[in-house]
Amino acid sequence: MVVAERAAEPVVREREQQRRWVVALGLLAAAPVLLAAWESVRTTRVNVLLDYWHVLAKVTSDSGSLEFGPLWIYHLEQPFVLPSLLFYGDAAWFGGDNRVLTLLTVGLLVVALVAMRSMLAVSGVARAAVVAVFAFLVCTPHLAELWVQATNGMSWVPAVVLSVLAVVAAHHGRVGFALAAAAVGAVSFGAAMPVWFAVALVLWLRRERWWRVVVPAAVGVVVVAGWLATRPPEAQSMAGSGFAPVARAKVVTAVLGSVWTSATPAVAVVVGAAVGAVLVGLGIAAARRRGSAETVADAGWVGLAAYAVAVAVLIGLGRTTPAAPGGNAGLISRYALAGVLATCALIALLVRRRPVPGRVAVPLAAALVAITFVTGTAKAGAVRNSYAPLGVVPVALRMESTRALAALQVQPAVLPAAKALGVYPFDGTHTLGCANLELGDRVDPARTRDLPRADGVVDAPALTADTVVAGWADLGGRAGTCALVTTPDGLVVGGGPTALPRPDVPRTGGLAGFRVVVGPGASDVLVHLDGTFHRVLGRPDA
């Protein structure tokens, strides 16, 4: 009896150690989700991107009621029903709070993560390690664009998550749920169009009844044909023209490999090409063993890989232009979601074929997590910097500056609907956030001093009413806390944010920029710091 107990002790210790590793990896998997959620709730309250306001103007009457007919009008040459409803619901129930939808974006990504976890064919420490890697991929900082501004998140994520749910449901043999998820995705965004064929592929690999395979494939053909017949003829943003097979292939592969670099297209293209090639090989192998136990276990992952590659191809067909940041549209933050799904599918397929012991799974997972997170943080920083200048949008809305809004690509026609719904900044809580001064107040002359021309510049030669003006101010190596526009007698007639990216002024860490909306009668831009307003005298013609 004693001998048996002693013999069992190593087994018990091994199980206890594995349990601890599973718990530790579970906590690790929660980390990127919590970080993404934290970023989503501390981002801007206002929606600053033009698409949100364009859609809100389209589906809302001037009295604030929902217009059902325009829901079915394409946006960005694609169906946009579900995002339009979410935009309207946010405006009607939450005052247009961007943070509500960004948090919803993160929640939907977690739904996709949980759904993918249900398809894993490994267990124990290896399973926990794979889930941790998936979590860092699904909530990678590479995708920060999706939860910094909800316009991007709600445009892409519902359609993609519904597609993931459709593929997972097909993997588990739940055809009805798969078709329903694909149908809702089809009216959400064009990113869901390929899912019909992915579902059909999964069911074919599982050797389901022939009609179960034919129905989603046939519906997919009808959906694509209908879209081609009804989509607007005009070219959309970043839509390239011409055949350009090499340039388009670079975009496709960059999408698949973008999670492994922050800004280097060559790295993304090479890694993406490798990921795509391996996935094609694994897919062909699964097709040759169609109906076997191994292929049934892999069917959902093969379908998910096919869906992700198809989305990357669609991006390559529709967004190939050297004008994209870095010269390759495949590195745009939101597009990395397709690469994330492809990478998750690749990892799941490889792990099932080559089971990884726990002692190897943990350090391997740690290495993958570290690489994607470190490269992603640089991308997230670039995303935040790119949106910072749009912090002037709520001021332009509050001032109802139609020309300024047009310059910011925010549709001025949305103003009646936004005011009727009480959308921020029309809910009574908006503030310039500048030393307790608001529009219509006056700046005390005793608190004002002239800033030497060498220490600040207003980029426009004159302050014209109803325009947006940028500039910079170096206040002893520090950036200002806010900026106001005043008349000669100190009346506040405009304002905007400071500490904006300004690489040409390195003394403040490159954050010396400001951007203001100019009201009528304006003569000066004042940048505030430590209780003093600094009048920026520099002009480009001085």
# chains A, B, ... in the order shown; residues from 1 in each chain; ligands from 1
>>> select_by_dssp(residues="stretch 213-288 of chain A", states="helix (DSSP H, G or I)", output="PyMOL selection string")
chain A and resi 213-230+245-260+265-288
>>> residues_around(residues="A:Leu143", least_positions_apart="4", cutoff="10 Å", atoms="only C-alpha atoms", output="number ranges by chain")
A: 36, 137-139, 147-148, 153, 259, 332-337, 340, 376-377, 379-380, 383
>>> closest_residue(among="A:Arg231, A:Asn436, A:Val493, A:Gly185", to="A:Pro520", atoms="only C-alpha atoms")
A:Val493
>>> closest_atom_pairs(of="stretch 289-315 of chain A", to="stretch 191-204 of chain A", cutoff="7 Å", atoms="only C-alpha atoms", output="Markdown table")
| residue | atom | partner | partner_atom | distance |
| --- | --- | --- | --- | --- |
| A:Ala299 | CA | A:Val202 | CA | 5.1 |
| A:Gly300 | CA | A:Val202 | CA | 5.8 |
| A:Gly303 | CA | A:Ala198 | CA | 4.8 |
| A:Leu304 | CA | A:Ala198 | CA | 6.8 |
| A:Ala306 | CA | A:Ala198 | CA | 6.2 |
| A:Tyr307 | CA | A:Ala198 | CA | 5.6 |
| A:Ala310 | CA | A:Pro194 | CA | 6.3 |
| A:Val311 | CA | A:Ala191 | CA | 6.1 |
>>> residues_around(residues="A:Phe177", least_positions_apart="5", cutoff="12 Å", atoms="only C-alpha atoms", output="count of residues only")
16
>>> residues_around(residues="A:Ala249", least_positions_apart="6", cutoff="9 Å", atoms="only C-alpha atoms", output="number ranges by chain")
A: 269, 313, 316-317
>>> write_last_selection(atoms="N, CA and C atoms", output="mmCIF file, in the first residue's frame")
data_model
loop_
_atom_site.group_PDB
_atom_site.id
_atom_site.type_symbol
_atom_site.label_atom_id
_atom_site.label_comp_id
_atom_site.auth_asym_id
_atom_site.auth_seq_id
_atom_site.Cartn_x
_atom_site.Cartn_y
_atom_site.Cartn_z
ATOM 1 N N VAL A 269 4.947 40.683 -46.205
ATOM 2 C CA VAL A 269 4.737 39.959 -47.461
ATOM 3 C C VAL A 269 5.376 38.572 -47.402
ATOM 4 N N VAL A 313 -7.788 38.320 -50.020
ATOM 5 C CA VAL A 313 -7.870 38.499 -51.476
ATOM 6 C C VAL A 313 -8.801 39.657 -51.816
ATOM 7 N N GLY A 316 -6.981 42.792 -51.280
ATOM 8 C CA GLY A 316 -6.035 43.003 -52.365
ATOM 9 C C GLY A 316 -6.710 43.482 -53.634
ATOM 10 N N LEU A 317 -7.904 42.990 -53.905
ATOM 11 C CA LEU A 317 -8.626 43.413 -55.105
ATOM 12 C C LEU A 317 -9.178 44.830 -54.970
#
>>> closest_residue(among="A:Ala92, A:Val55, A:Ser292, A:Ala225", to="A:Thr151", atoms="only C-alpha atoms")
A:Val55
>>> select_by_dssp(residues="stretch 287-455 of chain A", states="strand (DSSP E)", output="PyMOL selection string")
chain A and resi 448-451
>>> write_last_selection(atoms="all heavy atoms", output="short mmCIF file (atom, residue, chain, number, x, y, z; two decimals), in the first residue's frame")
data_model
loop_
_atom_site.label_atom_id
_atom_site.label_comp_id
_atom_site.auth_asym_id
_atom_site.auth_seq_id
_atom_site.Cartn_x
_atom_site.Cartn_y
_atom_site.Cartn_z
N THR A 448 -2.30 86.60 -20.30
CA THR A 448 -1.85 86.40 -21.68
C THR A 448 -0.48 87.04 -21.90
O THR A 448 -0.22 88.15 -21.43
CB THR A 448 -2.86 87.01 -22.66
OG1 THR A 448 -4.14 86.45 -22.43
CG2 THR A 448 -2.45 86.74 -24.10
N ARG A 449 0.38 86.30 -22.61
CA ARG A 449 1.65 86.90 -23.02
C ARG A 449 1.99 86.40 -24.42
O ARG A 449 1.53 85.33 -24.85
CB ARG A 449 2.77 86.54 -22.05
CG ARG A 449 3.30 85.13 -22.13
CD ARG A 449 4.47 84.95 -21.18
NE ARG A 449 5.09 83.63 -21.29
CZ ARG A 449 6.05 83.32 -22.16
NH1 ARG A 449 6.47 84.23 -23.03
NH2 ARG A 449 6.56 82.11 -22.18
N ASP A 450 2.78 87.18 -25.15
CA ASP A 450 3.15 86.84 -26.53
C ASP A 450 4.24 85.78 -26.53
O ASP A 450 5.21 85.85 -25.76
CB ASP A 450 3.64 88.07 -27.28
CG ASP A 450 2.52 89.07 -27.52
OD1 ASP A 450 1.35 88.66 -27.40
OD2 ASP A 450 2.81 90.24 -27.81
N LEU A 451 4.07 84.81 -27.40
CA LEU A 451 5.06 83.76 -27.57
C LEU A 451 6.03 84.17 -28.67
O LEU A 451 5.61 84.57 -29.76
CB LEU A 451 4.38 82.44 -27.94
CG LEU A 451 5.25 81.19 -28.00
CD1 LEU A 451 5.73 80.81 -26.60
CD2 LEU A 451 4.46 80.02 -28.62
#
>>> residues_around(residues="A:Ala305", least_positions_apart="4", cutoff="8 Å", atoms="only C-alpha atoms", output="CSV table (one decimal) with all heavy atoms, in the first residue's frame")
chain,number,residue,atom,x,y,z
A,279,LEU,N,-0.9,27.0,-45.4
A,279,LEU,CA,-2.4,26.7,-45.3
A,279,LEU,C,-2.9,26.0,-46.5
A,279,LEU,O,-3.8,25.1,-46.4
A,279,LEU,CB,-3.1,28.0,-45.1
A,279,LEU,CG,-3.0,28.7,-43.7
A,279,LEU,CD1,-3.6,30.0,-43.6
A,279,LEU,CD2,-3.6,27.7,-42.6
A,301,TRP,N,-11.1,24.4,-39.0
A,301,TRP,CA,-9.9,25.2,-39.2
A,301,TRP,C,-9.5,25.5,-40.6
A,301,TRP,O,-9.1,26.5,-41.0
A,301,TRP,CB,-8.7,24.6,-38.4
A,301,TRP,CG,-8.9,24.5,-37.0
A,301,TRP,CD1,-9.1,23.4,-36.2
A,301,TRP,CD2,-9.0,25.7,-36.1
A,301,TRP,NE1,-9.3,23.8,-34.9
A,301,TRP,CE2,-9.3,25.1,-34.8
A,301,TRP,CE3,-8.9,27.0,-36.2
A,301,TRP,CZ2,-9.4,26.0,-33.7
A,301,TRP,CZ3,-9.1,27.8,-35.1
A,301,TRP,CH2,-9.3,27.3,-33.9
A,309,VAL,N,-8.2,33.8,-45.9
A,309,VAL,CA,-7.4,34.1,-47.2
A,309,VAL,C,-8.3,34.8,-48.2
A,309,VAL,O,-7.9,35.7,-48.9
A,309,VAL,CB,-6.9,32.7,-47.8
A,309,VAL,CG1,-6.3,33.0,-49.1
A,309,VAL,CG2,-5.8,32.2,-46.8
A,341,LEU,N,-6.9,35.6,-38.0
A,341,LEU,CA,-7.7,34.3,-38.2
A,341,LEU,C,-6.9,33.3,-38.9
A,341,LEU,O,-6.9,32.1,-38.6
A,341,LEU,CB,-9.0,34.6,-38.9
A,341,LEU,CG,-10.0,35.6,-38.2
A,341,LEU,CD1,-11.2,35.8,-39.0
A,341,LEU,CD2,-10.3,35.0,-36.8
A,342,ALA,N,-6.2,33.7,-40.0
A,342,ALA,CA,-5.3,32.7,-40.7
A,342,ALA,C,-4.3,32.1,-39.8
A,342,ALA,O,-4.0,30.9,-39.9
A,342,ALA,CB,-4.7,33.4,-41.9
A,345,ALA,N,-5.8,29.6,-37.4
A,345,ALA,CA,-6.1,28.4,-38.1
A,345,ALA,C,-4.8,27.6,-38.3
A,345,ALA,O,-4.8,26.3,-38.1
A,345,ALA,CB,-6.8,28.7,-39.4
A,346,LEU,N,-3.7,28.3,-38.7
A,346,LEU,CA,-2.5,27.6,-39.0
A,346,LEU,C,-1.9,26.9,-37.7
A,346,LEU,O,-1.5,25.8,-37.7
A,346,LEU,CB,-1.4,28.6,-39.5
A,346,LEU,CG,0.0,28.0,-39.8
A,346,LEU,CD1,0.0,26.9,-40.8
A,346,LEU,CD2,0.9,29.2,-40.2
>>> atom_distance(atom1="atom CA of A:Glu67", atom2="atom CA of A:Pro233")
24.3 Å
>>> closest_residue(among="A:Gly327, A:Gly531, A:Gly428, A:Gly433", to="A:Cys482", atoms="only C-alpha atoms")
A:Gly433
>>> atom_distance(atom1="atom CA of A:Ala473", atom2="atom CA of A:Leu405")
24.1 Å
>>> atom_distance(atom1="atom CA of A:Thr230", atom2="atom CA of A:Val215")
22.4 Å
